[in-house]
$ cat upload29.txt   # compact mmCIF, N, CA and C atoms
# COMPACT_ATOMS: atom_id res chain seq x y z
N MET S 5 76.06 103.62 78.47
CA MET S 5 75.90 102.19 78.53
C MET S 5 76.66 101.61 79.72
N LYS S 6 77.88 102.15 79.97
CA LYS S 6 78.67 101.67 81.10
C LYS S 6 77.92 101.91 82.41
N TYR S 7 77.24 103.03 82.50
CA TYR S 7 76.52 103.36 83.72
C TYR S 7 75.37 102.39 83.97
N ALA S 8 74.73 101.93 82.91
CA ALA S 8 73.65 100.96 83.05
C ALA S 8 74.19 99.64 83.60
N TYR S 9 75.34 99.21 83.10
CA TYR S 9 75.95 97.98 83.61
C TYR S 9 76.36 98.13 85.07
N LEU S 10 76.91 99.27 85.40
CA LEU S 10 77.30 99.53 86.79
C LEU S 10 76.09 99.54 87.71
N ALA S 11 75.00 100.12 87.26
CA ALA S 11 73.78 100.17 88.07
C ALA S 11 73.23 98.77 88.31
N VAL S 12 73.24 97.94 87.27
CA VAL S 12 72.76 96.57 87.42
C VAL S 12 73.67 95.79 88.36
N ALA S 13 74.97 95.94 88.21
CA ALA S 13 75.92 95.24 89.07
C ALA S 13 75.74 95.68 90.53
N ALA S 14 75.55 96.96 90.75
CA ALA S 14 75.34 97.47 92.11
C ALA S 14 74.06 96.91 92.71
N ALA S 15 73.00 96.81 91.91
CA ALA S 15 71.73 96.27 92.40
C ALA S 15 71.89 94.81 92.79
N VAL S 16 72.64 94.05 92.01
CA VAL S 16 72.86 92.63 92.32
C VAL S 16 73.64 92.49 93.63
N VAL S 17 74.68 93.28 93.79
CA VAL S 17 75.49 93.22 95.00
C VAL S 17 74.67 93.62 96.22
N MET S 18 73.89 94.67 96.10
CA MET S 18 73.11 95.15 97.24
C MET S 18 72.02 94.18 97.65
N SER S 19 71.55 93.34 96.74
CA SER S 19 70.48 92.41 97.08
C SER S 19 71.00 91.06 97.53
N SER S 20 72.31 90.91 97.62
CA SER S 20 72.89 89.61 97.99
C SER S 20 72.66 89.32 99.47
N PRO S 21 72.56 88.02 99.85
CA PRO S 21 72.34 87.65 101.24
C PRO S 21 73.50 88.01 102.15
N ALA S 22 74.66 88.29 101.59
CA ALA S 22 75.81 88.63 102.42
C ALA S 22 75.58 89.91 103.21
N LEU S 23 74.69 90.77 102.74
CA LEU S 23 74.43 92.02 103.43
C LEU S 23 73.33 91.93 104.47
N SER S 24 72.71 90.78 104.59
CA SER S 24 71.61 90.60 105.54
C SER S 24 72.14 90.65 106.96
N GLN S 25 71.46 91.35 107.82
CA GLN S 25 71.84 91.47 109.22
C GLN S 25 71.02 90.54 110.11
N THR S 26 69.95 89.95 109.59
CA THR S 26 69.06 89.18 110.45
C THR S 26 69.33 87.68 110.41
N THR S 27 70.04 87.18 109.43
CA THR S 27 70.35 85.76 109.39
C THR S 27 71.81 85.56 109.03
N THR S 28 72.30 84.39 109.37
CA THR S 28 73.66 84.03 109.01
C THR S 28 73.58 82.92 107.99
N THR S 29 74.20 83.10 106.86
CA THR S 29 74.20 82.09 105.81
C THR S 29 75.62 81.60 105.62
N VAL S 30 75.79 80.29 105.69
CA VAL S 30 77.08 79.70 105.42
C VAL S 30 76.90 78.74 104.27
N THR S 31 77.74 78.85 103.27
CA THR S 31 77.68 77.95 102.14
C THR S 31 78.92 77.09 102.15
N THR S 32 78.71 75.77 102.11
CA THR S 32 79.84 74.87 102.02
C THR S 32 79.78 74.21 100.66
N THR S 33 80.93 73.96 100.12
CA THR S 33 80.98 73.38 98.79
C THR S 33 81.61 72.01 98.87
N GLY S 34 80.88 70.99 98.48
CA GLY S 34 81.40 69.64 98.40
C GLY S 34 81.97 69.41 97.02
N THR S 35 82.27 68.16 96.72
CA THR S 35 82.85 67.87 95.43
C THR S 35 81.82 67.96 94.31
N ALA S 36 80.57 67.62 94.61
CA ALA S 36 79.58 67.58 93.54
C ALA S 36 78.48 68.62 93.70
N SER S 37 78.23 69.09 94.90
CA SER S 37 77.12 70.02 95.10
C SER S 37 77.46 70.99 96.21
N SER S 38 76.58 71.97 96.42
CA SER S 38 76.77 72.89 97.53
C SER S 38 75.52 72.90 98.40
N THR S 39 75.74 73.19 99.66
CA THR S 39 74.66 73.21 100.62
C THR S 39 74.69 74.53 101.37
N ALA S 40 73.54 75.17 101.48
CA ALA S 40 73.45 76.41 102.24
C ALA S 40 72.58 76.17 103.45
N VAL S 41 73.06 76.58 104.61
CA VAL S 41 72.30 76.43 105.85
C VAL S 41 72.13 77.81 106.45
N THR S 42 70.89 78.18 106.72
CA THR S 42 70.60 79.47 107.33
C THR S 42 70.07 79.24 108.72
N VAL S 43 70.68 79.91 109.69
CA VAL S 43 70.24 79.81 111.08
C VAL S 43 69.97 81.23 111.57
N ALA S 44 68.71 81.52 111.80
CA ALA S 44 68.30 82.85 112.25
C ALA S 44 68.72 83.06 113.72
N PRO S 45 68.89 84.30 114.14
CA PRO S 45 69.30 84.57 115.52
C PRO S 45 68.38 83.93 116.57
N GLU S 46 67.05 83.93 116.32
CA GLU S 46 66.15 83.33 117.29
C GLU S 46 66.33 81.81 117.35
N GLN S 47 66.70 81.18 116.22
CA GLN S 47 67.00 79.75 116.22
C GLN S 47 68.27 79.48 117.03
N ARG S 48 69.27 80.33 116.88
CA ARG S 48 70.52 80.19 117.63
C ARG S 48 70.24 80.24 119.14
N THR S 49 69.39 81.17 119.54
CA THR S 49 69.04 81.28 120.96
C THR S 49 68.32 80.03 121.43
N ARG S 50 67.39 79.53 120.63
CA ARG S 50 66.65 78.31 120.96
C ARG S 50 67.60 77.11 121.11
N ILE S 51 68.57 77.01 120.23
CA ILE S 51 69.54 75.91 120.25
C ILE S 51 70.40 76.00 121.50
N ARG S 52 70.93 77.19 121.79
CA ARG S 52 71.79 77.35 122.99
C ARG S 52 70.99 77.05 124.27
N THR S 53 69.72 77.48 124.31
CA THR S 53 68.87 77.19 125.47
C THR S 53 68.66 75.69 125.61
N TYR S 54 68.40 75.00 124.53
CA TYR S 54 68.20 73.54 124.55
C TYR S 54 69.45 72.85 125.11
N ILE S 55 70.61 73.24 124.64
CA ILE S 55 71.86 72.61 125.07
C ILE S 55 72.05 72.78 126.57
N SER S 56 71.79 73.97 127.10
CA SER S 56 71.99 74.20 128.53
C SER S 56 70.89 73.54 129.38
N GLU S 57 69.65 73.59 128.93
CA GLU S 57 68.55 72.99 129.70
C GLU S 57 68.63 71.47 129.75
N HIS S 58 69.07 70.85 128.65
CA HIS S 58 69.15 69.39 128.60
C HIS S 58 70.52 68.87 129.01
N LYS S 59 71.38 69.78 129.44
CA LYS S 59 72.71 69.43 129.91
C LYS S 59 73.40 68.43 128.98
N VAL S 60 73.43 68.79 127.70
CA VAL S 60 74.07 67.96 126.69
C VAL S 60 75.57 67.93 126.97
N LYS S 61 76.11 66.72 127.05
CA LYS S 61 77.53 66.57 127.35
C LYS S 61 78.34 66.80 126.08
N PRO S 62 79.37 67.63 126.19
CA PRO S 62 80.20 67.87 125.01
C PRO S 62 81.07 66.66 124.69
N VAL S 63 81.40 66.50 123.44
CA VAL S 63 82.32 65.45 123.01
C VAL S 63 83.64 66.11 122.60
N VAL S 64 84.69 65.33 122.64
CA VAL S 64 85.99 65.83 122.22
C VAL S 64 86.27 65.33 120.82
N VAL S 65 86.50 66.25 119.92
CA VAL S 65 86.86 65.91 118.55
C VAL S 65 88.34 66.25 118.42
N LYS S 66 89.14 65.26 118.01
CA LYS S 66 90.60 65.43 117.95
C LYS S 66 91.03 66.49 116.94
N GLU S 67 90.37 66.52 115.79
CA GLU S 67 90.73 67.47 114.75
C GLU S 67 90.03 68.81 115.00
N LYS S 68 90.58 69.86 114.39
CA LYS S 68 89.92 71.16 114.46
C LYS S 68 88.64 71.08 113.63
N VAL S 69 87.54 71.53 114.21
CA VAL S 69 86.25 71.48 113.53
C VAL S 69 85.96 72.84 112.91
N SER S 70 85.67 72.82 111.62
CA SER S 70 85.28 74.04 110.92
C SER S 70 84.27 73.65 109.84
N VAL S 71 83.60 74.64 109.29
CA VAL S 71 82.62 74.38 108.24
C VAL S 71 83.35 73.72 107.07
N GLY S 72 82.79 72.59 106.61
CA GLY S 72 83.39 71.85 105.52
C GLY S 72 84.17 70.62 105.98
N THR S 73 84.52 70.58 107.27
CA THR S 73 85.25 69.43 107.82
C THR S 73 84.34 68.21 107.82
N VAL S 74 84.89 67.04 107.53
CA VAL S 74 84.16 65.79 107.63
C VAL S 74 84.52 65.17 108.97
N LEU S 75 83.49 64.90 109.80
CA LEU S 75 83.73 64.33 111.12
C LEU S 75 84.02 62.83 111.01
N PRO S 76 84.92 62.33 111.86
CA PRO S 76 85.24 60.90 111.85
C PRO S 76 84.02 60.05 112.23
N ALA S 77 84.04 58.80 111.82
CA ALA S 77 82.92 57.89 112.06
C ALA S 77 82.71 57.61 113.55
N ASP S 78 83.74 57.79 114.38
CA ASP S 78 83.58 57.49 115.81
C ASP S 78 82.91 58.63 116.59
N VAL S 79 82.64 59.76 115.94
CA VAL S 79 81.93 60.86 116.61
C VAL S 79 80.44 60.61 116.47
N GLU S 80 79.76 60.48 117.60
CA GLU S 80 78.32 60.20 117.59
C GLU S 80 77.52 61.46 117.25
N LEU S 81 76.66 61.33 116.26
CA LEU S 81 75.80 62.44 115.85
C LEU S 81 74.43 62.27 116.49
N HIS S 82 73.85 63.38 116.95
CA HIS S 82 72.53 63.36 117.59
C HIS S 82 71.48 63.97 116.67
N ALA S 83 70.27 63.47 116.74
CA ALA S 83 69.16 64.01 115.95
C ALA S 83 68.84 65.42 116.42
N VAL S 84 68.57 66.30 115.49
CA VAL S 84 68.19 67.68 115.80
C VAL S 84 66.74 67.67 116.29
N PRO S 85 66.46 68.23 117.47
CA PRO S 85 65.09 68.29 117.97
C PRO S 85 64.20 69.12 117.04
N GLU S 86 62.94 68.75 116.95
CA GLU S 86 62.00 69.45 116.07
C GLU S 86 61.84 70.92 116.43
N ASP S 87 61.96 71.27 117.71
CA ASP S 87 61.75 72.66 118.10
C ASP S 87 62.90 73.59 117.66
N TRP S 88 63.96 73.05 117.07
CA TRP S 88 65.01 73.90 116.50
C TRP S 88 64.57 74.48 115.17
N GLY S 89 63.48 73.94 114.62
CA GLY S 89 62.95 74.47 113.37
C GLY S 89 63.01 73.44 112.26
N PRO S 90 62.02 73.50 111.37
CA PRO S 90 61.94 72.50 110.29
C PRO S 90 63.10 72.57 109.30
N SER S 91 63.72 73.72 109.17
CA SER S 91 64.83 73.84 108.22
C SER S 91 66.08 73.09 108.68
N LEU S 92 66.16 72.77 109.97
CA LEU S 92 67.33 72.09 110.51
C LEU S 92 67.08 70.62 110.82
N HIS S 93 65.83 70.19 110.70
CA HIS S 93 65.45 68.85 111.14
C HIS S 93 66.17 67.73 110.39
N THR S 94 66.62 67.96 109.18
CA THR S 94 67.29 66.90 108.41
C THR S 94 68.75 66.73 108.81
N TYR S 95 69.28 67.63 109.61
CA TYR S 95 70.68 67.57 110.03
C TYR S 95 70.81 66.84 111.36
N ARG S 96 72.04 66.55 111.72
CA ARG S 96 72.40 66.00 113.03
C ARG S 96 73.30 67.03 113.68
N TYR S 97 73.54 66.84 115.00
CA TYR S 97 74.41 67.80 115.67
C TYR S 97 75.36 67.10 116.62
N VAL S 98 76.41 67.82 116.94
CA VAL S 98 77.39 67.42 117.94
C VAL S 98 77.64 68.65 118.78
N TYR S 99 77.75 68.46 120.09
CA TYR S 99 78.12 69.55 120.97
C TYR S 99 79.57 69.33 121.34
N SER S 100 80.43 70.21 120.89
CA SER S 100 81.87 70.06 121.10
C SER S 100 82.43 71.37 121.64
N GLY S 101 83.05 71.28 122.80
CA GLY S 101 83.55 72.50 123.44
C GLY S 101 82.38 73.37 123.81
N ASP S 102 82.34 74.57 123.29
CA ASP S 102 81.21 75.48 123.53
C ASP S 102 80.39 75.69 122.27
N ASP S 103 80.61 74.85 121.27
CA ASP S 103 79.95 75.03 119.98
C ASP S 103 78.97 73.90 119.67
N VAL S 104 77.86 74.27 119.05
CA VAL S 104 76.93 73.28 118.51
C VAL S 104 77.28 73.18 117.02
N VAL S 105 77.59 71.97 116.59
CA VAL S 105 78.05 71.75 115.24
C VAL S 105 76.96 71.01 114.47
N LEU S 106 76.41 71.64 113.43
CA LEU S 106 75.41 71.00 112.58
C LEU S 106 76.12 70.22 111.48
N VAL S 107 75.65 68.98 111.26
CA VAL S 107 76.34 68.06 110.36
C VAL S 107 75.34 67.45 109.38
N ASP S 108 75.74 67.34 108.12
CA ASP S 108 74.96 66.60 107.12
C ASP S 108 75.18 65.12 107.42
N PRO S 109 74.12 64.38 107.78
CA PRO S 109 74.32 62.99 108.20
C PRO S 109 74.81 62.07 107.08
N GLY S 110 74.53 62.38 105.85
CA GLY S 110 74.96 61.53 104.74
C GLY S 110 76.46 61.58 104.51
N SER S 111 77.01 62.77 104.55
CA SER S 111 78.44 62.95 104.29
C SER S 111 79.26 63.18 105.55
N ARG S 112 78.58 63.45 106.68
CA ARG S 112 79.21 63.78 107.96
C ARG S 112 80.00 65.10 107.87
N ARG S 113 79.65 65.91 106.87
CA ARG S 113 80.32 67.20 106.67
C ARG S 113 79.66 68.28 107.53
N VAL S 114 80.47 69.08 108.19
CA VAL S 114 79.99 70.19 109.03
C VAL S 114 79.43 71.27 108.10
N VAL S 115 78.17 71.67 108.37
CA VAL S 115 77.53 72.68 107.54
C VAL S 115 77.32 74.01 108.27
N GLN S 116 77.44 74.00 109.60
CA GLN S 116 77.25 75.23 110.37
C GLN S 116 77.81 75.01 111.78
N ILE S 117 78.42 76.03 112.32
CA ILE S 117 78.88 76.00 113.70
C ILE S 117 78.20 77.14 114.42
N ILE S 118 77.53 76.81 115.52
CA ILE S 118 76.81 77.81 116.31
C ILE S 118 77.60 78.01 117.60
N ASP S 119 78.19 79.19 117.72
CA ASP S 119 79.03 79.46 118.90
C ASP S 119 78.31 80.29 119.92
$ encode --input "upload29.txt" --output "structure tokens"
Amino acid sequence: MKYAYLAVAAAVVMSSPALSQTTTTVTTTGTASSTAVTVAPEQRTRIRTYISEHKVKPVVVKEKVSVGTVLPADVELHAVPEDWGPSLHTYRYVYSGDDVVLVDPGSRRVVQIID
């Protein structure tokens, strides 16, 4: 019986998204809900290309920016272009330093950092 439980537990662990090599999943937890944002490698390349081709000017954020951080109201958020993919269209972004920071516009919480 113990072996059956171990086999089921192993199957659950092996099927988890944490083992995926093709996408990056970051989960942030707010006070009431959680949000998962997946950015595939080809989307990351598309985003970095957009930033360099459109010469997006970086902004300076005084605080250290990390996933889960709430950005101050004085930081201007930009609409995510449609060509970044439909899964990201509801977010806004900031280009800070060398990173593209995806932000939930309702809470201003950072949901993904693309370096």
$ residues_around --input "upload29.txt" --residues "region 98-107 of chain S" --least-positions-apart "3" --cutoff "8 Å" --atoms "only C-alpha atoms" --output "list in words"
Arg52, Val60, Lys61, Pro62, Val63, Val64, Val65, Glu80, Leu81, His82, Tyr95, Arg112, Arg113, Val114, Val115, Gln116, Ile117, Ile118 and Asp119 of chain S
$ select_by_dssp --input "upload29.txt" --residues "region 36-107 of chain S" --states "alpha helix (DSSP H)" --output "number ranges by chain"
S: 45-57
$ atom_distance --input "upload29.txt" --atom1 "CA of Lys68 (chain S)" --atom2 "atom N of Asp108 (chain S)"
16.0 Å
$ atom_distance --input "upload29.txt" --atom1 "CA of His58 (chain S)" --atom2 "CA of Pro109 (chain S)"
22.0 Å
$ atom_distance --input "upload29.txt" --atom1 "atom N of Asp87 (chain S)" --atom2 "atom N of Thr42 (chain S)"
15.8 Å
$ residues_near_point --input "upload29.txt" --point "(68.3, 77.3, 112.0)" --cutoff "6.5 Å" --atoms "all atoms listed in the file" --output "VMD selection string"
chain S and resid 42 to 44 47 to 48 88 to 89 91 to 92
$ decode --input "upload29.txt" --residues "region 38-87 of chain S" --atoms "N, CA and C atoms" --output "short mmCIF file (atom, residue, chain, number, x, y, z; two decimals), in the first residue's frame"
data_model
loop_
_atom_site.label_atom_id
_atom_site.label_comp_id
_atom_site.auth_asym_id
_atom_site.auth_seq_id
_atom_site.Cartn_x
_atom_site.Cartn_y
_atom_site.Cartn_z
N SER S 38 -4.34 34.29 -6.22
CA SER S 38 -3.02 34.12 -6.81
C SER S 38 -3.13 34.26 -8.32
N THR S 39 -2.03 34.69 -8.91
CA THR S 39 -1.98 34.91 -10.34
C THR S 39 -0.77 34.19 -10.90
N ALA S 40 -0.96 33.44 -11.96
CA ALA S 40 0.15 32.76 -12.62
C ALA S 40 0.34 33.36 -13.99
N VAL S 41 1.56 33.71 -14.32
CA VAL S 41 1.88 34.28 -15.63
C VAL S 41 2.92 33.39 -16.27
N THR S 42 2.63 32.92 -17.47
CA THR S 42 3.56 32.08 -18.21
C THR S 42 4.05 32.85 -19.42
N VAL S 43 5.37 32.92 -19.55
CA VAL S 43 5.98 33.59 -20.70
C VAL S 43 6.92 32.59 -21.36
N ALA S 44 6.55 32.16 -22.55
CA ALA S 44 7.34 31.18 -23.30
C ALA S 44 8.62 31.84 -23.82
N PRO S 45 9.66 31.05 -24.07
CA PRO S 45 10.92 31.62 -24.57
C PRO S 45 10.76 32.45 -25.84
N GLU S 46 9.88 32.02 -26.77
CA GLU S 46 9.70 32.79 -27.99
C GLU S 46 9.02 34.14 -27.71
N GLN S 47 8.15 34.18 -26.68
CA GLN S 47 7.54 35.45 -26.27
C GLN S 47 8.60 36.37 -25.67
N ARG S 48 9.50 35.82 -24.88
CA ARG S 48 10.58 36.61 -24.29
C ARG S 48 11.44 37.25 -25.38
N THR S 49 11.74 36.48 -26.41
CA THR S 49 12.53 37.01 -27.52
C THR S 49 11.78 38.13 -28.23
N ARG S 50 10.48 37.92 -28.46
CA ARG S 50 9.64 38.93 -29.11
C ARG S 50 9.61 40.22 -28.29
N ILE S 51 9.50 40.10 -26.99
CA ILE S 51 9.44 41.25 -26.09
C ILE S 51 10.77 42.01 -26.11
N ARG S 52 11.88 41.28 -26.00
CA ARG S 52 13.20 41.94 -26.01
C ARG S 52 13.44 42.65 -27.36
N THR S 53 13.02 42.02 -28.46
CA THR S 53 13.15 42.63 -29.78
C THR S 53 12.33 43.91 -29.86
N TYR S 54 11.11 43.88 -29.36
CA TYR S 54 10.23 45.06 -29.37
C TYR S 54 10.89 46.21 -28.60
N ILE S 55 11.42 45.92 -27.43
CA ILE S 55 12.04 46.95 -26.60
C ILE S 55 13.20 47.61 -27.33
N SER S 56 14.04 46.82 -27.97
CA SER S 56 15.21 47.39 -28.67
C SER S 56 14.81 48.10 -29.96
N GLU S 57 13.88 47.55 -30.72
CA GLU S 57 13.46 48.18 -31.98
C GLU S 57 12.72 49.49 -31.77
N HIS S 58 11.90 49.56 -30.71
CA HIS S 58 11.13 50.77 -30.44
C HIS S 58 11.85 51.73 -29.51
N LYS S 59 13.08 51.39 -29.17
CA LYS S 59 13.91 52.23 -28.32
C LYS S 59 13.14 52.76 -27.11
N VAL S 60 12.52 51.82 -26.39
CA VAL S 60 11.76 52.16 -25.20
C VAL S 60 12.73 52.68 -24.14
N LYS S 61 12.43 53.86 -23.61
CA LYS S 61 13.30 54.47 -22.61
C LYS S 61 13.04 53.83 -21.25
N PRO S 62 14.11 53.43 -20.58
CA PRO S 62 13.92 52.84 -19.25
C PRO S 62 13.54 53.89 -18.23
N VAL S 63 12.81 53.48 -17.22
CA VAL S 63 12.47 54.35 -16.10
C VAL S 63 13.27 53.91 -14.88
N VAL S 64 13.44 54.83 -13.96
CA VAL S 64 14.14 54.51 -12.73
C VAL S 64 13.10 54.29 -11.64
N VAL S 65 13.14 53.13 -11.04
CA VAL S 65 12.27 52.81 -9.92
C VAL S 65 13.16 52.81 -8.68
N LYS S 66 12.79 53.62 -7.68
CA LYS S 66 13.63 53.79 -6.49
C LYS S 66 13.77 52.51 -5.68
N GLU S 67 12.69 51.75 -5.56
CA GLU S 67 12.72 50.52 -4.78
C GLU S 67 13.23 49.37 -5.65
N LYS S 68 13.70 48.32 -4.97
CA LYS S 68 14.09 47.11 -5.70
C LYS S 68 12.82 46.46 -6.25
N VAL S 69 12.84 46.12 -7.53
CA VAL S 69 11.68 45.52 -8.18
C VAL S 69 11.86 44.01 -8.21
N SER S 70 10.86 43.31 -7.70
CA SER S 70 10.85 41.85 -7.75
C SER S 70 9.40 41.40 -7.91
N VAL S 71 9.22 40.14 -8.25
CA VAL S 71 7.87 39.61 -8.41
C VAL S 71 7.15 39.74 -7.07
N GLY S 72 5.95 40.32 -7.12
CA GLY S 72 5.16 40.54 -5.92
C GLY S 72 5.21 41.97 -5.41
N THR S 73 6.22 42.74 -5.87
CA THR S 73 6.34 44.13 -5.46
C THR S 73 5.20 44.94 -6.06
N VAL S 74 4.67 45.90 -5.31
CA VAL S 74 3.67 46.83 -5.81
C VAL S 74 4.40 48.10 -6.22
N LEU S 75 4.24 48.49 -7.50
CA LEU S 75 4.91 49.69 -7.99
C LEU S 75 4.19 50.95 -7.52
N PRO S 76 4.96 52.00 -7.23
CA PRO S 76 4.35 53.26 -6.80
C PRO S 76 3.49 53.88 -7.90
N ALA S 77 2.55 54.72 -7.50
CA ALA S 77 1.62 55.34 -8.44
C ALA S 77 2.32 56.27 -9.44
N ASP S 78 3.50 56.77 -9.10
CA ASP S 78 4.18 57.69 -10.02
C ASP S 78 4.94 56.98 -11.14
N VAL S 79 4.99 55.65 -11.12
CA VAL S 79 5.63 54.90 -12.20
C VAL S 79 4.60 54.68 -13.31
N GLU S 80 4.90 55.20 -14.49
CA GLU S 80 3.97 55.09 -15.62
C GLU S 80 4.00 53.68 -16.22
N LEU S 81 2.82 53.09 -16.33
CA LEU S 81 2.69 51.76 -16.92
C LEU S 81 2.28 51.90 -18.38
N HIS S 82 2.86 51.07 -19.24
CA HIS S 82 2.56 51.10 -20.67
C HIS S 82 1.72 49.88 -21.06
N ALA S 83 0.85 50.05 -22.03
CA ALA S 83 0.03 48.95 -22.53
C ALA S 83 0.93 47.92 -23.23
N VAL S 84 0.65 46.66 -23.01
CA VAL S 84 1.39 45.58 -23.66
C VAL S 84 0.92 45.49 -25.11
N PRO S 85 1.85 45.55 -26.08
CA PRO S 85 1.46 45.42 -27.49
C PRO S 85 0.83 44.06 -27.77
N GLU S 86 -0.10 44.03 -28.70
CA GLU S 86 -0.81 42.78 -29.04
C GLU S 86 0.13 41.70 -29.54
N ASP S 87 1.22 42.08 -30.22
CA ASP S 87 2.11 41.06 -30.78
C ASP S 87 2.94 40.34 -29.70
#
